[in-house]
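*Asks:* Contents of my_file.csv (CSV, C-alpha atoms) are below:
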```
chain,number,residue,atom,x,y,z
A,1,MET,CA,55.9,-66.0,-7.4
A,2,SER,CA,53.7,-67.4,-4.7
A,3,GLU,CA,54.2,-71.0,-3.5
A,4,PRO,CA,51.9,-73.5,-5.1
A,5,GLU,CA,49.0,-74.6,-2.8
A,6,ALA,CA,49.7,-77.8,-1.0
A,7,MET,CA,47.1,-80.4,-1.9
A,8,LYS,CA,46.0,-83.6,-0.1
A,9,LYS,CA,44.1,-86.7,-1.3
A,10,THR,CA,40.8,-87.2,0.5
A,11,THR,CA,37.3,-88.5,0.1
A,12,TYR,CA,33.9,-86.8,0.4
A,13,ARG,CA,33.4,-88.7,3.7
A,14,GLU,CA,36.7,-87.4,5.1
A,15,ALA,CA,36.0,-83.9,3.9
A,16,VAL,CA,32.8,-83.8,5.9
A,17,ARG,CA,34.6,-85.3,8.9
A,18,GLU,CA,37.3,-82.7,8.7
A,19,ALA,CA,34.6,-80.0,8.5
A,20,LEU,CA,33.0,-81.3,11.7
A,21,ARG,CA,36.3,-81.5,13.4
A,22,ASP,CA,37.2,-78.0,12.4
A,23,ALA,CA,33.9,-76.7,13.6
A,24,LEU,CA,34.3,-78.4,17.0
A,25,LEU,CA,37.8,-77.0,17.4
A,26,ARG,CA,36.9,-73.5,16.4
A,27,ASP,CA,33.9,-73.0,18.7
A,28,GLU,CA,33.2,-74.6,22.0
A,29,ARG,CA,29.5,-74.0,21.5
A,30,VAL,CA,29.4,-76.5,18.6
A,31,PHE,CA,28.4,-80.1,19.3
A,32,LEU,CA,27.2,-83.0,17.2
A,33,MET,CA,24.2,-85.1,18.1
A,34,GLY,CA,22.3,-87.9,16.3
A,35,GLU,CA,21.7,-91.6,16.1
A,36,ASP,CA,25.0,-93.6,16.2
A,37,VAL,CA,27.2,-90.6,15.7
A,38,GLY,CA,29.4,-91.5,18.8
A,39,HIS,CA,30.4,-95.0,19.6
A,40,TYR,CA,29.4,-96.4,16.2
A,41,GLY,CA,31.2,-93.5,14.3
A,42,GLY,CA,28.1,-92.6,12.3
A,43,CYS,CA,25.9,-94.6,10.0
A,44,TYR,CA,28.2,-93.7,7.1
A,45,ALA,CA,31.4,-93.5,9.2
A,46,VAL,CA,31.5,-89.7,8.9
A,47,SER,CA,32.0,-89.0,12.6
A,48,LYS,CA,34.4,-91.9,13.2
A,49,GLY,CA,37.0,-91.0,15.8
A,50,LEU,CA,35.3,-87.8,17.0
A,51,LEU,CA,33.9,-89.2,20.2
A,52,GLU,CA,37.4,-90.3,21.3
A,53,GLU,CA,38.8,-86.8,20.4
A,54,PHE,CA,36.0,-84.6,21.8
A,55,GLY,CA,34.2,-86.7,24.4
A,56,PRO,CA,30.5,-87.6,25.0
A,57,GLU,CA,29.4,-84.0,25.9
A,58,ARG,CA,30.2,-82.8,22.3
A,59,ILE,CA,29.5,-86.0,20.3
A,60,ARG,CA,26.2,-87.1,21.7
A,61,ASP,CA,24.4,-90.3,20.8
A,62,THR,CA,20.7,-89.9,20.9
A,63,PRO,CA,17.7,-92.2,21.2
A,64,LEU,CA,15.8,-93.3,18.1
A,65,SER,CA,13.5,-90.3,18.1
A,66,GLU,CA,14.0,-87.7,15.4
A,67,LEU,CA,11.2,-85.5,16.8
A,68,GLY,CA,12.9,-85.6,20.2
A,69,PHE,CA,16.5,-84.9,19.3
A,70,VAL,CA,15.7,-82.3,16.6
A,71,GLY,CA,13.6,-80.5,19.2
A,72,ALA,CA,16.5,-80.7,21.6
A,73,GLY,CA,18.8,-79.2,18.9
A,74,ILE,CA,16.3,-76.3,18.5
A,75,GLY,CA,16.2,-75.7,22.2
A,76,SER,CA,20.0,-75.7,22.5
A,77,ALA,CA,20.3,-73.3,19.6
A,78,LEU,CA,17.8,-71.0,21.3
A,79,GLY,CA,20.0,-71.3,24.5
A,80,GLY,CA,23.1,-70.1,22.7
A,81,MET,CA,24.7,-73.3,21.5
A,82,ARG,CA,25.6,-74.2,17.9
A,83,PRO,CA,24.2,-77.7,17.4
A,84,ILE,CA,24.9,-79.9,14.4
A,85,VAL,CA,22.1,-82.4,14.3
A,86,GLU,CA,22.6,-85.5,12.1
A,87,ILE,CA,19.5,-87.3,10.8
A,88,MET,CA,20.5,-90.7,9.4
A,89,THR,CA,18.6,-90.5,6.1
A,90,VAL,CA,16.3,-87.9,4.6
A,91,ASN,CA,13.3,-90.2,5.0
A,92,PHE,CA,13.7,-90.0,8.8
A,93,SER,CA,13.5,-86.2,8.6
A,94,LEU,CA,9.7,-86.7,8.1
A,95,LEU,CA,9.6,-87.9,11.7
A,96,ALA,CA,10.9,-84.5,12.8
A,97,LEU,CA,8.9,-82.4,10.3
A,98,ASP,CA,6.8,-80.8,13.1
A,99,GLN,CA,10.0,-79.5,14.7
A,100,ILE,CA,11.6,-78.4,11.4
A,101,LEU,CA,8.6,-76.7,10.0
A,102,ASN,CA,6.6,-75.5,13.0
A,103,ASN,CA,9.5,-74.6,15.2
A,104,ALA,CA,12.9,-74.2,13.6
A,105,ALA,CA,11.6,-72.4,10.5
A,106,THR,CA,9.0,-70.2,12.2
A,107,LEU,CA,10.3,-69.2,15.6
A,108,LEU,CA,12.0,-66.0,14.3
A,109,HIS,CA,8.7,-64.9,12.8
A,110,MET,CA,6.6,-66.1,15.7
A,111,SER,CA,8.8,-64.3,18.2
A,112,GLY,CA,8.6,-61.0,16.3
A,113,GLY,CA,12.2,-61.2,15.4
A,114,GLN,CA,13.5,-61.9,19.0
A,115,PHE,CA,14.7,-65.5,18.6
A,116,ASN,CA,17.0,-66.9,15.9
A,117,VAL,CA,17.5,-70.6,15.6
A,118,PRO,CA,21.2,-71.1,14.6
A,119,LEU,CA,20.7,-74.8,14.0
A,120,VAL,CA,22.5,-77.0,11.3
A,121,ILE,CA,20.8,-80.3,10.4
A,122,ARG,CA,22.8,-82.7,8.2
A,123,MET,CA,21.3,-85.8,6.5
A,124,ALA,CA,22.1,-88.4,3.9
A,125,THR,CA,19.9,-88.3,0.8
A,126,GLY,CA,19.5,-90.0,-2.5
A,127,ALA,CA,19.4,-93.5,-4.1
A,128,GLY,CA,21.9,-95.8,-5.7
A,129,LYS,CA,23.0,-97.9,-2.7
A,130,GLN,CA,20.2,-100.5,-2.9
A,131,LEU,CA,18.7,-99.2,0.4
A,132,ALA,CA,15.2,-99.8,-0.9
A,133,ALA,CA,12.1,-97.5,-0.8
A,134,GLN,CA,12.3,-96.3,2.9
A,135,HIS,CA,15.9,-95.1,2.7
A,136,ALA,CA,16.5,-94.0,-0.9
A,137,HIS,CA,14.5,-91.0,-1.8
A,138,SER,CA,15.5,-87.4,-2.5
A,139,LEU,CA,13.2,-85.2,-0.5
A,140,GLU,CA,15.3,-82.1,-0.3
A,141,GLY,CA,13.0,-80.3,-2.7
A,142,TRP,CA,10.2,-80.9,-0.1
A,143,LEU,CA,12.1,-79.1,2.6
A,144,ALA,CA,13.3,-76.4,0.2
A,145,HIS,CA,9.6,-75.5,0.0
A,146,ILE,CA,9.6,-74.1,3.5
A,147,PRO,CA,10.3,-70.4,4.2
A,148,GLY,CA,12.7,-69.8,7.1
A,149,LEU,CA,15.2,-72.6,6.1
A,150,ARG,CA,18.3,-72.5,4.0
A,151,VAL,CA,18.9,-75.8,2.1
A,152,LEU,CA,22.3,-76.8,0.8
A,153,THR,CA,23.4,-79.7,-1.4
A,154,PRO,CA,27.2,-80.0,-1.4
A,155,ALA,CA,28.4,-82.1,-4.4
A,156,THR,CA,32.1,-81.4,-4.5
A,157,LEU,CA,34.8,-82.1,-2.0
A,158,GLU,CA,35.3,-78.4,-1.6
A,159,ASP,CA,31.7,-77.9,-0.7
A,160,ALA,CA,31.6,-80.9,1.6
A,161,ARG,CA,34.5,-79.4,3.4
A,162,GLY,CA,33.5,-75.8,3.3
A,163,MET,CA,29.8,-75.4,3.6
A,164,LEU,CA,29.4,-76.5,7.2
A,165,TRP,CA,31.3,-73.6,8.8
A,166,THR,CA,29.5,-71.0,6.7
A,167,ALA,CA,26.2,-72.7,7.7
A,168,LEU,CA,27.2,-72.5,11.4
A,169,GLU,CA,27.7,-68.8,11.0
A,170,ASP,CA,24.1,-68.3,9.7
A,171,PRO,CA,21.7,-67.1,12.4
A,172,ASP,CA,18.9,-69.2,11.0
A,173,PRO,CA,18.4,-73.0,10.5
A,174,VAL,CA,20.4,-74.6,7.7
A,175,LEU,CA,19.8,-78.1,6.3
A,176,ILE,CA,22.7,-79.8,4.5
A,177,PHE,CA,21.9,-82.8,2.3
A,178,GLU,CA,24.8,-85.2,1.6
A,179,ASN,CA,24.1,-87.7,-1.2
A,180,ASN,CA,25.0,-91.1,0.2
A,181,THR,CA,26.6,-92.2,-3.1
A,182,LEU,CA,29.2,-89.4,-2.8
A,183,TYR,CA,30.8,-90.5,0.5
A,184,ASN,CA,33.4,-92.7,-1.2
A,185,MET,CA,34.2,-90.2,-3.9
A,186,GLU,CA,38.0,-89.4,-4.0
A,187,GLY,CA,39.8,-86.3,-5.0
A,188,THR,CA,42.2,-83.6,-3.7
A,189,LEU,CA,41.7,-80.6,-1.6
A,190,PRO,CA,44.0,-77.8,-0.5
A,191,GLU,CA,45.7,-78.5,2.9
A,192,ASN,CA,44.2,-75.2,4.1
A,193,ALA,CA,40.7,-75.7,2.7
A,194,GLY,CA,38.2,-73.6,4.6
A,195,PRO,CA,34.7,-72.0,4.5
A,196,VAL,CA,33.0,-71.5,1.1
A,197,ASP,CA,30.1,-69.3,0.0
A,198,ILE,CA,26.7,-70.9,0.4
A,199,ALA,CA,24.6,-68.4,-1.6
A,200,THR,CA,25.5,-68.9,-5.2
A,201,ALA,CA,25.3,-71.6,-7.9
A,202,ARG,CA,28.5,-72.5,-9.9
A,203,VAL,CA,29.2,-73.1,-13.5
A,204,ARG,CA,31.0,-76.5,-13.3
A,205,ARG,CA,31.5,-76.8,-17.0
A,206,PRO,CA,31.2,-73.9,-19.5
A,207,GLY,CA,29.3,-74.4,-22.8
A,208,ARG,CA,27.4,-72.6,-25.5
A,209,ASP,CA,24.7,-74.9,-26.8
A,210,LEU,CA,22.6,-76.2,-23.8
A,211,THR,CA,22.3,-75.4,-20.1
A,212,ILE,CA,22.0,-78.4,-17.7
A,213,ILE,CA,20.9,-77.4,-14.3
A,214,THR,CA,21.4,-79.9,-11.4
A,215,TYR,CA,22.7,-80.5,-7.9
A,216,GLY,CA,24.1,-83.2,-5.7
A,217,ALA,CA,25.2,-86.6,-7.2
A,218,SER,CA,23.4,-85.8,-10.4
A,219,LEU,CA,26.1,-83.2,-11.1
A,220,PHE,CA,28.6,-85.9,-11.9
A,221,LYS,CA,26.1,-87.6,-14.3
A,222,ALA,CA,25.6,-84.3,-16.0
A,223,LEU,CA,29.3,-83.8,-16.3
A,224,GLU,CA,29.7,-87.3,-17.7
A,225,ALA,CA,26.9,-86.6,-20.2
A,226,ALA,CA,28.5,-83.2,-21.2
A,227,GLU,CA,31.8,-85.1,-22.0
A,228,THR,CA,29.9,-87.5,-24.2
A,229,LEU,CA,28.0,-84.6,-25.9
A,230,ALA,CA,31.3,-82.7,-26.5
A,231,ARG,CA,32.6,-85.6,-28.5
A,232,GLU,CA,29.6,-85.1,-30.8
A,233,GLY,CA,30.1,-81.3,-31.1
A,234,ILE,CA,27.5,-80.3,-28.5
A,235,GLU,CA,28.9,-78.1,-25.7
A,236,ALA,CA,26.7,-78.3,-22.6
A,237,GLU,CA,27.1,-75.8,-19.8
A,238,VAL,CA,26.6,-77.5,-16.4
A,239,ILE,CA,25.2,-75.6,-13.5
A,240,ASP,CA,25.6,-76.9,-9.9
A,241,LEU,CA,22.8,-75.2,-7.9
A,242,ARG,CA,24.5,-75.9,-4.5
A,243,SER,CA,21.7,-74.0,-2.7
A,244,LEU,CA,18.1,-75.1,-3.2
A,245,ARG,CA,16.7,-72.4,-0.9
A,246,PRO,CA,17.3,-69.7,-1.7
A,247,LEU,CA,17.8,-70.5,-5.4
A,248,ASP,CA,20.4,-68.5,-7.3
A,249,ASP,CA,18.3,-67.6,-10.3
A,250,ALA,CA,20.8,-65.2,-11.8
A,251,THR,CA,23.4,-67.9,-12.5
A,252,TYR,CA,21.2,-70.3,-14.5
A,253,LEU,CA,19.3,-67.4,-16.2
A,254,SER,CA,22.6,-65.9,-17.4
A,255,SER,CA,23.5,-69.3,-18.8
A,256,ILE,CA,20.2,-69.7,-20.6
A,257,ALA,CA,20.6,-66.2,-22.2
A,258,LYS,CA,23.7,-67.7,-23.9
A,259,THR,CA,22.5,-71.2,-24.7
A,260,HIS,CA,18.7,-70.7,-25.2
A,261,ARG,CA,18.1,-74.3,-24.1
A,262,ALA,CA,17.6,-75.6,-20.6
A,263,LEU,CA,17.5,-79.2,-19.2
A,264,ILE,CA,16.9,-79.7,-15.4
A,265,VAL,CA,18.2,-82.9,-13.9
A,266,ASP,CA,16.6,-83.6,-10.5
A,267,GLU,CA,16.7,-87.0,-8.6
A,268,ASP,CA,13.4,-86.1,-7.0
A,269,TRP,CA,10.0,-87.2,-8.5
A,270,ARG,CA,8.8,-85.0,-11.4
A,271,SER,CA,5.4,-84.0,-10.0
A,272,GLY,CA,5.7,-80.9,-7.8
A,273,SER,CA,9.4,-81.1,-7.9
A,274,LEU,CA,12.2,-78.6,-7.5
A,275,ALA,CA,12.7,-79.1,-11.3
A,276,ALA,CA,9.1,-77.8,-11.7
A,277,GLU,CA,9.8,-74.7,-9.7
A,278,ILE,CA,13.0,-73.9,-11.6
A,279,SER,CA,11.2,-74.5,-14.9
A,280,ALA,CA,8.5,-72.0,-13.8
A,281,ARG,CA,11.1,-69.4,-12.9
A,282,ILE,CA,12.7,-69.8,-16.3
A,283,MET,CA,9.3,-69.3,-18.0
A,284,GLU,CA,8.6,-66.3,-15.9
A,285,GLN,CA,12.0,-64.6,-16.2
A,286,ALA,CA,13.5,-65.8,-19.4
A,287,PHE,CA,10.7,-67.1,-21.7
A,288,TYR,CA,11.9,-65.1,-24.7
A,289,GLU,CA,15.4,-66.4,-24.3
A,290,LEU,CA,14.2,-70.0,-25.0
A,291,ASP,CA,14.4,-71.6,-28.4
A,292,LEU,CA,12.2,-74.5,-27.2
A,293,PRO,CA,10.5,-75.6,-23.9
A,294,VAL,CA,12.4,-76.4,-20.8
A,295,ALA,CA,13.1,-80.1,-20.4
A,296,ARG,CA,13.2,-82.1,-17.2
A,297,LEU,CA,14.7,-85.4,-16.3
A,298,CYS,CA,13.6,-86.7,-12.9
A,299,SER,CA,13.3,-90.1,-11.1
A,300,ALA,CA,10.5,-92.4,-12.1
A,301,GLU,CA,7.4,-91.8,-10.0
A,302,VAL,CA,7.6,-95.0,-8.1
A,303,PRO,CA,9.0,-96.0,-4.7
A,304,ILE,CA,12.7,-96.6,-5.4
A,305,PRO,CA,13.2,-100.3,-6.1
A,306,TYR,CA,15.6,-102.5,-4.2
A,307,ALA,CA,16.9,-104.5,-7.2
A,308,ARG,CA,20.0,-102.8,-8.6
A,309,HIS,CA,18.9,-102.8,-12.3
A,310,MET,CA,15.5,-101.4,-11.4
A,311,GLU,CA,17.0,-98.8,-9.1
A,312,GLU,CA,19.3,-97.6,-11.9
A,313,ALA,CA,16.4,-97.6,-14.3
A,314,ALA,CA,14.3,-95.4,-12.0
A,315,LEU,CA,17.0,-92.7,-11.6
A,316,PRO,CA,18.3,-90.0,-13.9
A,317,GLN,CA,21.4,-91.4,-15.7
A,318,ALA,CA,24.1,-89.9,-17.9
A,319,GLU,CA,22.8,-91.7,-21.0
A,320,LYS,CA,19.3,-90.4,-20.5
A,321,ILE,CA,20.8,-86.9,-20.2
A,322,VAL,CA,22.6,-87.4,-23.5
A,323,ALA,CA,19.5,-88.6,-25.3
A,324,ILE,CA,17.4,-85.7,-24.1
A,325,ALA,CA,20.1,-83.1,-24.9
A,326,LYS,CA,20.6,-84.5,-28.5
A,327,GLY,CA,16.8,-84.4,-29.0
A,328,MET,CA,16.8,-80.8,-27.9
A,329,MET,CA,19.6,-79.8,-30.2
A,330,SER,CA,17.7,-81.2,-33.2
A,331,HIS,CA,14.9,-78.7,-32.6
A,332,GLY,CA,14.8,-74.9,-32.3
```
Give the structure from the file, written as structure tokens.
*Replies:*
Amino acid sequence: MSEPEAMKKTTYREAVREALRDALLRDERVFLMGEDVGHYGGCYAVSKGLLEEFGPERIRDTPLSELGFVGAGIGSALGGMRPIVEIMTVNFSLLALDQILNNAATLLHMSGGQFNVPLVIRMATGAGKQLAAQHAHSLEGWLAHIPGLRVLTPATLEDARGMLWTALEDPDPVLIFENNTLYNMEGTLPENAGPVDIATARVRRPGRDLTIITYGASLFKALEAAETLAREGIEAEVIDLRSLRPLDDATYLSSIAKTHRALIVDEDWRSGSLAAEISARIMEQAFYELDLPVARLCSAEVPIPYARHMEEAALPQAEKIVAIAKGMMSHG
């Protein structure tokens, strides 16, 4: 018999830090740059200690100019480096949108296939920390709209640890969205945890009655809801998308062929959302598998409030998932 895998306790924050450290050790072309990633140790303490270990050439504090330092990251990627650019929160990515959309995503096409941009951009996303309207939105669906990018949303410790290295091996730009409510999440990982696939969705809980499709921090609300539903005899299958561009249609369509009901939980706003795109794909590819229309649970279409009770009311929550799922089971 083989020896049981050695496990260690860790947090999501520590898993991301270990992924960064591993990447820096593996490849001398890799460096991290962003606001406060060095001396301060990162806005969410993800890069704490890395400056002392790797020095200021490889852990580079930048000026407060997303447009400038994302552009520098693109230039260094074109020059043969493997930059990891950290944007403090997803809202600040809008300040760099010209670089992300008009340069990183298009240079391979505009150069006739001559120039890849092997750039990784990490950023915190999501609400739930009372950071108010300027720092609490989920805009990953906006960026998943752009051809030429790969968009990842690690929810589990395994993905937080393993997606970065696989992303660094991609010849094209990859955006990694880390939901800020997950950084303190605790769990265990194998001592030798390493790279993971970044192309496929995962069934995080099997079920027969209803398919719940989600990603990021909403995964754990969906799993909590599935536990509640199971106590009432409803077995929900929970799909973690993991990649928002490209979407792994096959995994959720296969689930719907079994359950005949689909609920999409997306922390973004409902209008023009990723949930809308997935709903349309289900209608196009699996319409006759459905016993009733696709349901969507998204954030309220308001700037995310600061007050905790209002913030919680604006976001998808487990009890809302349960209520919608029970309603769906009473029809069709």
*Asks:* List as a PyMOL selection string the residues having at least one atom at most 12 Å from position (34.9, -84.5, 6.0) as given in the file, counting only C-alpha atoms.
*Replies:* chain A and resi 9-23+44-50+154+156-165+178+182-186+189+193-194
*Asks:* Calculated over only C-alpha atoms, which of the candidates A:Tyr40, A:Phe31, A:Phe287, A:Trp142 has the smallest distance to Ala275 in chain A?
*Replies:*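 Nearest to Ala275 in chain A: A:Trp142.
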*Asks:* Could you please determine the separation between CA of Ser273 in chain A and CA of Thr89 in chain A in Å, to one decimal place?
*Replies:* 19.2 Å
*Asks:* Which distance in Å separates CA of Ala262 in chain A and CA of Arg281 in chain A, to one decimal?
*Replies:*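 We find that CA of Ala262 in chain A and CA of Arg281 in chain A lie 11.8 Å from each other.
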*Asks:* Grab the CA of Ala295 in chain A to CA of Ser243 in chain A distance for me, in Å with one decimal place.
*Replies:*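 Going from CA of Ala295 in chain A over to CA of Ser243 in chain A, I get 20.6 Å.
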*Asks:* Find, counting only C-alpha atoms, the residue in A:Ser330, A:Ser93, A:Thr125, A:Gln134 that gets nearest to Pro303 in chain A.
*Replies:*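 For Pro303 in chain A, the nearest of the given residues is A:Gln134.
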*Asks:* Tell me, as a list of chain:residue names, which residues lie within 8 Å of Leu139 in chain A, counting only C-alpha atoms; anything in the same chain fewer than 6 positions away does not count.
*Replies:*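 Once the nearby chain positions are removed, what remains is A:Val90, A:Asn91, A:Thr125, A:Asp268.
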*Asks:* With distances taken over only C-alpha atoms, which of A:Ile321, A:Ala144, A:Val294, A:Val196 is nearest to Leu223 in chain A?
*Replies:*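 Using only C-alpha atoms, the shortest distance to Leu223 in chain A belongs to A:Ile321.
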*Asks:* Of the residues A:Arg29, A:Arg270, A:Lys320, A:His109, which is the one nearest to Ala222 in chain A, using only C-alpha atoms?
*Replies:*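 Going through A:Arg29, A:Arg270, A:Lys320, A:His109 one by one, the smallest distance to Ala222 in chain A is for A:Lys320.
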*Asks:* Please provide the set of residues having any atom within 10 Å of Asp249 in chain A, restricted to all atoms listed in the file, with same-chain residues fewer than 3 positions apart removed, written as a PDB file with C-alpha atoms, keeping the file's coordinate frame.
*Replies:*
```pdb
ATOM      1  CA  THR A 200      25.500 -68.900  -5.200  1.00  0.00           C
ATOM      2  CA  ALA A 201      25.300 -71.600  -7.900  1.00  0.00           C
ATOM      3  CA  LEU A 241      22.800 -75.200  -7.900  1.00  0.00           C
ATOM      4  CA  PRO A 246      17.300 -69.700  -1.700  1.00  0.00           C
ATOM      5  CA  TYR A 252      21.200 -70.300 -14.500  1.00  0.00           C
ATOM      6  CA  LEU A 253      19.300 -67.400 -16.200  1.00  0.00           C
ATOM      7  CA  SER A 254      22.600 -65.900 -17.400  1.00  0.00           C
ATOM      8  CA  ILE A 278      13.000 -73.900 -11.600  1.00  0.00           C
ATOM      9  CA  ARG A 281      11.100 -69.400 -12.900  1.00  0.00           C
ATOM     10  CA  ILE A 282      12.700 -69.800 -16.300  1.00  0.00           C
ATOM     11  CA  GLN A 285      12.000 -64.600 -16.200  1.00  0.00           C
TER      12      GLN A 285
END
```
*Asks:* When distances are computed from all atoms listed in the file, which of A:Thr106, A:Thr166, A:Thr211, A:Thr181 shows the smallest separation from Asp197 in chain A?
*Replies:*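 Ranking A:Thr106, A:Thr166, A:Thr211, A:Thr181 by distance to Asp197 in chain A, first place goes to A:Thr166.
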*Asks:* Compile the contact shell of Ile121 in chain A as a list in words: residues with an atom at most 6 Å away, counting all atoms listed in the file, same-chain residues fewer than 5 positions apart removed.
*Replies:*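 Contacts, with the query itself left out: Ile84, Val85, Glu86 and Leu175 of chain A.
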*Asks:* Counting all atoms listed in the file, which of A:Asp266, A:Glu52, A:Glu5, A:Glu284 gets nearest to Ala300 in chain A?
*Replies:*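 Closest to Ala300 in chain A of all the choices is A:Asp266.
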*Asks:* Extract, using only C-alpha atoms, all DNA, RNA and protein residues at most 6 Å from range 71-81 of chain A, discarding same-chain residues fewer than 2 positions from it, and format them as a ChimeraX atom specification.
*Replies:* /A:29,68-69,83,99,117-119
*Asks:* Find the residues with any atom within 10 Å of (15.3, -99.5, -1.9); use all atoms listed in the file and the coordinates as given in the file, and write the answer as a list of chain:residue names.
*Replies:*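 Every polymer residue passing the test: A:Ala127, A:Gly128, A:Lys129, A:Gln130, A:Leu131, A:Ala132, A:Ala133, A:Gln134, A:His135, A:Ala136, A:His137, A:Pro303, A:Ile304, A:Pro305, A:Tyr306, A:Ala307, A:Arg308, A:Met310, A:Glu311.
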*Asks:* Which residues are near range 233-238 of chain A? Cut-off 6 Å, only C-alpha atoms, ignore same chain within fewer than 4 positions. Put them as a list in words.
*Replies:*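 Within the cut-off, the hits are Val203, Arg204, Arg205, Pro206, Gly207, Arg208, Asp209, Leu210, Thr211, Ile212, Ala226 and Leu229 of chain A.
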*Asks:* Save range 69-86 of chain A from what I just supplied, as a CSV table (one decimal), in the first residue's frame, atoms limited to C-alpha atoms.
*Replies:*
```csv
chain,number,residue,atom,x,y,z
A,69,PHE,CA,2.3,49.3,-13.9
A,70,VAL,CA,0.0,47.0,-15.9
A,71,GLY,CA,1.6,48.4,-19.0
A,72,ALA,CA,5.0,47.8,-17.5
A,73,GLY,CA,3.9,44.2,-16.9
A,74,ILE,CA,2.9,43.8,-20.5
A,75,GLY,CA,6.2,45.2,-21.6
A,76,SER,CA,8.2,42.9,-19.4
A,77,ALA,CA,6.1,39.9,-20.6
A,78,LEU,CA,6.9,40.8,-24.2
A,79,GLY,CA,10.6,41.1,-23.2
A,80,GLY,CA,10.7,37.5,-22.0
A,81,MET,CA,9.8,37.8,-18.3
A,82,ARG,CA,6.9,36.2,-16.4
A,83,PRO,CA,5.4,39.0,-14.5
A,84,ILE,CA,2.7,38.6,-11.8
A,85,VAL,CA,0.9,41.9,-11.5
A,86,GLU,CA,-1.3,42.5,-8.4
```
